[in-house]
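Below is one structure, written out as structure tokens, with a few remarks after it.
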Amino acid sequence: MKRPWTLPTLLVLCGLVVATGPFREGDPGIGAAVVAAFAVLAALNSPLIHPRSISASEAAQRSERDGLPIVYWRPGCAYCLRLRLRLGRGARRLHWVDIWRDPDGAAAVRAANGGDETVPTVIVSGRPYVNPDPAWVCDQLSPSA
């Protein structure tokens, strides 16, 4: 199981290493731009962008009570980030499970995907959907869904 801050930390460290060259060559503008670009990548791949993750068992209980979808995700996944950003504020209503932090969540994703840990996997009314269209997920949040 990976730590949620490993990838963002590595991105920042890589940015600092890459920026060392321009700083040594006397070009602080390019060095600062490199550091800024890597910092943005780190922020986008950090747990800060995604709503607070809960355990798979807690997500299942909450989803059964309120009928809202469960999203299994992992940091660093471009498709998970795309889903999160396209959902906007509605993303906070969903139940998010980080499969790198929750072994039961990873097992649920593997069970739904024939052994693969393909994310995002969204569970709606007990049925899994792999990398669904964000607009469709948004429709699942509406009261008429």
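Letters A, B, ... mark the chains of the structure tokens in the order given; residue numbers begin at 1 per chain; ligand numbers begin at 1, in order shown.
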
Per-residue nearest contacts of segment 34-92 of chain A to segment 123-139 of chain A (9 Å; only C-alpha atoms) as a Markdown table:
```
| residue | atom | partner | partner_atom | distance |
| --- | --- | --- | --- | --- |
| A:Ser63 | CA | A:Ser125 | CA | 8.3 |
| A:Glu64 | CA | A:Ser125 | CA | 8.2 |
| A:Gly67 | CA | A:Ser125 | CA | 7.0 |
| A:Leu68 | CA | A:Val124 | CA | 7.2 |
| A:Pro69 | CA | A:Val124 | CA | 4.8 |
| A:Ile70 | CA | A:Ile123 | CA | 5.0 |
| A:Val71 | CA | A:Ile123 | CA | 6.5 |
| A:Tyr72 | CA | A:Ile123 | CA | 8.2 |
| A:Tyr79 | CA | A:Asn131 | CA | 7.0 |
| A:Cys80 | CA | A:Asn131 | CA | 8.0 |
| A:Arg82 | CA | A:Pro134 | CA | 8.0 |
| A:Leu83 | CA | A:Pro134 | CA | 5.4 |
| A:Arg84 | CA | A:Pro134 | CA | 8.2 |
| A:Arg86 | CA | A:Pro134 | CA | 6.2 |
| A:Leu87 | CA | A:Cys138 | CA | 6.3 |
| A:Gly90 | CA | A:Cys138 | CA | 7.3 |
| A:Ala91 | CA | A:Cys138 | CA | 8.5 |
```

Considering only C-alpha atoms, give me a table of residues in segment 53-120 of chain A that are at most 9 Å from segment 28-44 of chain A, with the closest atom pair and distance in Å for each, as CSV.
```
residue,atom,partner,partner_atom,distance
A:Pro75,CA,A:Leu44,CA,8.9
A:Gly76,CA,A:Leu44,CA,8.1
A:Leu81,CA,A:Leu44,CA,7.4
```

Could you write out the selected residues, including all heavy atoms, as a CSV table (one decimal), in the first residue's frame?
```
chain,number,residue,atom,x,y,z
A,75,PRO,N,-4.3,8.2,-6.0
A,75,PRO,CA,-3.5,9.4,-6.3
A,75,PRO,C,-2.6,9.1,-7.6
A,75,PRO,O,-2.1,8.0,-7.7
A,75,PRO,CB,-2.6,9.6,-5.1
A,75,PRO,CG,-3.3,9.0,-4.0
A,75,PRO,CD,-4.0,7.8,-4.6
A,76,GLY,N,-2.5,10.1,-8.4
A,76,GLY,CA,-1.7,9.9,-9.6
A,76,GLY,C,-2.4,9.5,-10.8
A,76,GLY,O,-1.9,9.5,-11.9
A,81,LEU,N,-8.4,12.2,-11.6
A,81,LEU,CA,-8.3,13.6,-11.5
A,81,LEU,C,-9.3,14.3,-12.5
A,81,LEU,O,-10.0,15.2,-12.1
A,81,LEU,CB,-6.9,14.1,-11.8
A,81,LEU,CG,-6.6,15.6,-11.8
A,81,LEU,CD1,-6.9,16.1,-10.4
A,81,LEU,CD2,-5.2,15.9,-12.2
```

Atom pair atom CA of Arg74 of chain A / atom CA of Val18 of chain A: separation (Å):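 So the two atoms, atom CA of Arg74 of chain A and atom CA of Val18 of chain A, lie 26.1 Å apart.
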
Per-residue DSSP, chain A, filtered to strand (DSSP E), as number ranges by chain: A: 70-73, 95-98, 121-124, 127-130

Neighbouring residues of Asp102 of chain A were defined as those with any atom within 8 Å, considering only C-alpha atoms; residues of the same chain fewer than 4 positions away were excluded. Please report them as a VMD selection string. chain A and resid 1 55 to 56 97 to 98 106

I'd like the interatomic distance between atom CA of Arg62 of chain A and atom CA of Gln140 of chain A, to a tenth of an Å. 15.5 Å

Please indicate the distance in Å from atom CA of Arg93 of chain A to atom CA of Thr118 of chain A, rounded to one decimal place.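 Separation between atom CA of Arg93 of chain A and atom CA of Thr118 of chain A: 22.0 Å.
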
Test item, helix (DSSP H, G or I) assignment across chain A, answer as JSON, numbers by chain: {"A": [6, 7, 8, 9, 10, 11, 12, 13, 14, 15, 16, 17, 18, 19, 20, 21, 22, 23, 24, 28, 29, 30, 31, 32, 33, 34, 35, 36, 37, 38, 39, 40, 41, 42, 43, 44, 56, 57, 58, 59, 60, 61, 62, 63, 64, 65, 66, 78, 79, 80, 81, 82, 83, 84, 85, 86, 87, 88, 89, 90, 91, 92, 93, 103, 104, 105, 106, 107, 108, 109, 110, 111, 112, 134, 135, 136, 137, 138, 139, 140, 141]}
